Amino acid sequence: MTLDVEKIRRDFPILSKLVYGKPLVYLDNAATSQKPRQVIQALVDYYEGYNANVHRGVHALSMESTERYEEARRKVAGFIGAPSPENLIFVRNTTEGINLAASSWGAANIGPGDEILVTEMEHHSNLVPWQRLAKAKGARMRFIPVTEEGTLDLSDLDTLLNHRTKLVAMTHMSNVLGAINPVKDIGAKAHAVGARILIDAAQSVPHMPVNVQDLDCDFLAFSSHKMLGPTGIGGLYVRSETLEKMEPFLTGGEMVLEVTYDYATWNDLPMRFEAGTPNIAGSIGLGAAVDYLESLGMEQVHRRERELTAYALDTLKELSEEFNFYGPTDLNARGAIVSFNSPDIHPHDLGTMLDQGGIAIRAGHHCAMPLIRDRLGVAATARASFYIYNTKDEVDLLKAALKDALRYFSKTLAPK
């Protein structure tokens with residue numbers, strides 16, 4: 001089955017927007033995706049039809065709200081292949097999910113002399129929490145290096161992984177390089193030395209089939225807003241035997257079973273990790289986003305994006321003398337992200353000029369400062385990232401805009 005991109009585009013109201021009088025070309029999907037009418041309507045239906053708090057009321061609205069909220073959990077858990085809805089904790093985003101794992105499991109299981117293994121391509125959200133934990137506990141951070149091509153250098157993995165390794169925390173897909181990492185193979189080696197593996201799946205869950213049981217991971221975190229859903233909601237999967245031993249991250253209402261003036265006991269899983277009123281509407285909206293993606297088929301989504309990425313790389317190679325492009329050349333190991341840099345044009349200037357033509361890209365260090373600065377050796381990059389509603393025509397517009405920018409800046413920078 002081939003995805004009908006024009007039909008898909010009609011589901012996204014924002015794609016008809018004009019920016020400075022030009023049709024919007026939205027190529028910043030790695031930062032956040034746009035939302036289809038089906039997701040927007042799910043939010044409207046909640047607030048207009050059954051807005052109430054969950055798990056607490058015996059009245060009709062509360063019971064309907066609770067059922068829809070837990071139905072969304074079942075949908076999302078099934079989407080990532082979790083064995084039970086109890087394995088899925090609703091969080092605000094990938095960042096909170098990783099911090100939950102660090103504060104709850106990490107604080108109890110990592111101590112002096114232990115090692116945490118991450119990669120050199122990590123987003124700050126999967127680096128800073130482990131830095132902070134290592135400093136607090138007297139543990140050591142170690143790093144899997146990145147090759148010149150933008151893939152992981154696994155030649156010393158057997159040395160990096162040892163009896164002191166307690167956790168491997170790594171991205172499934174780099175938000176800068178687009179590299180898709182062999183998390184399943186690395187996870188198997190981590191388990192062989194007694195370590196756990198946490199996967200930052202913020203860039204993979206929206207774009208390809210992901211099954212936590214097939215990956216055999218201990219933790220996996222992802223965000224709704226990158227997969228057509230609302231902001232402020234995401235998920236953390238935790239393996240059952242690990243989750244059952246974890247202490248709560250936050251305390252207060254909803255996560256307790258019994259409270260006296262002297263002690264408290266915790267609620268059943270996963271509610272013991274969801275203190276306070278949750279993002280009910282966001283969870284239901286995420287469930288609607290899962291329905292939408294499943295109606296397309298994640299294999300089809302991944303195939304379509306791989307075709308579009310191949311076209312983009314082939315189309316933009318004409319500019320390879322003016323721009324440095326980053327990331328793997330093997331399309332089977334690359335997602336729909338193209339990062340690039342010109343020695344003559346700052347990415348922010350480039351992004352601003354493209355915006356004048358209605359083209360939205362990202363410019364900066366993409367919350368991966370060590371990778372950008374230390375490994376790529378630049379201050380920032382420009383990044384175009386694609387999703388199911390993008391087209392080859394939009395790639396052509398990107399190329400034309402980059403050529404216009406080169407002409408403009410060559411005149412601006414020419415010696416007087």
# chains A, B, ... in the order shown; residues from 1 in each chain; ligands from 1
$ select_by_dssp --residues "stretch 216-269 of chain A" --states "alpha helix (DSSP H)" --output "NGL selection string"
:A and (240-243)
$ write_last_selection --atoms "C-alpha atoms" --output "mmCIF file, in the first residue's frame"
data_model
loop_
_atom_site.group_PDB
_atom_site.id
_atom_site.type_symbol
_atom_site.label_atom_id
_atom_site.label_comp_id
_atom_site.auth_asym_id
_atom_site.auth_seq_id
_atom_site.Cartn_x
_atom_site.Cartn_y
_atom_site.Cartn_z
ATOM 1 C CA SER A 240 7.543 -5.198 34.892
ATOM 2 C CA GLU A 241 10.187 -6.641 37.207
ATOM 3 C CA THR A 242 11.968 -3.288 37.248
ATOM 4 C CA LEU A 243 8.836 -1.194 37.668
#
$ closest_atom_pairs --of "stretch 140-220 of chain A" --to "stretch 76-84 of chain A" --cutoff "10 Å" --atoms "only C-alpha atoms" --output "JSON lines"
{"residue": "A:Val205", "atom": "CA", "partner": "A:Ile80", "partner_atom": "CA", "distance": 7.6}
{"residue": "A:Pro209", "atom": "CA", "partner": "A:Ile80", "partner_atom": "CA", "distance": 7.8}
{"residue": "A:Val210", "atom": "CA", "partner": "A:Ile80", "partner_atom": "CA", "distance": 5.5}
{"residue": "A:Asn211", "atom": "CA", "partner": "A:Gly81", "partner_atom": "CA", "distance": 4.6}
{"residue": "A:Val212", "atom": "CA", "partner": "A:Gly81", "partner_atom": "CA", "distance": 5.6}
{"residue": "A:Gln213", "atom": "CA", "partner": "A:Gly81", "partner_atom": "CA", "distance": 6.3}
{"residue": "A:Asp214", "atom": "CA", "partner": "A:Gly81", "partner_atom": "CA", "distance": 8.1}
{"residue": "A:Leu215", "atom": "CA", "partner": "A:Gly81", "partner_atom": "CA", "distance": 9.8}
{"residue": "A:Leu220", "atom": "CA", "partner": "A:Ile80", "partner_atom": "CA", "distance": 9.4}
$ write_last_selection --atoms "C-alpha atoms" --output "tab-separated table (two decimals), in the first residue's frame"
chain	number	residue	atom	x	y	z
A	205	VAL	CA	8.37	5.94	17.92
A	209	PRO	CA	7.56	0.37	14.10
A	210	VAL	CA	8.83	0.09	17.69
A	211	ASN	CA	8.14	-2.92	19.90
A	212	VAL	CA	9.57	-2.86	23.40
A	213	GLN	CA	9.35	-6.63	23.79
A	214	ASP	CA	11.24	-7.20	20.55
A	215	LEU	CA	13.86	-4.64	21.59
A	220	LEU	CA	11.78	3.43	26.70
$ residues_around --residues "A:Arg142" --least-positions-apart "5" --cutoff "10 Å" --atoms "only C-alpha atoms" --output "PyMOL selection string"
chain A and resi 115-120+160-161+165+168
$ closest_residue --among "A:Tyr389, A:Trp266, A:Tyr408, A:Tyr292" --to "A:Arg37" --atoms "only C-alpha atoms"
A:Tyr292
$ select_by_dssp --residues "stretch 80-200 of chain A" --states "strand (DSSP E)" --output "list in words"
Leu88, Ile89, Phe90, Val91, Glu115, Ile116, Leu117, Val118, Thr119, Arg140, Met141, Arg142, Phe143, Ile144, Thr165, Lys166, Leu167, Val168, Ala169, Met170, Thr171, Arg196, Ile197, Leu198, Ile199 and Asp200 of chain A
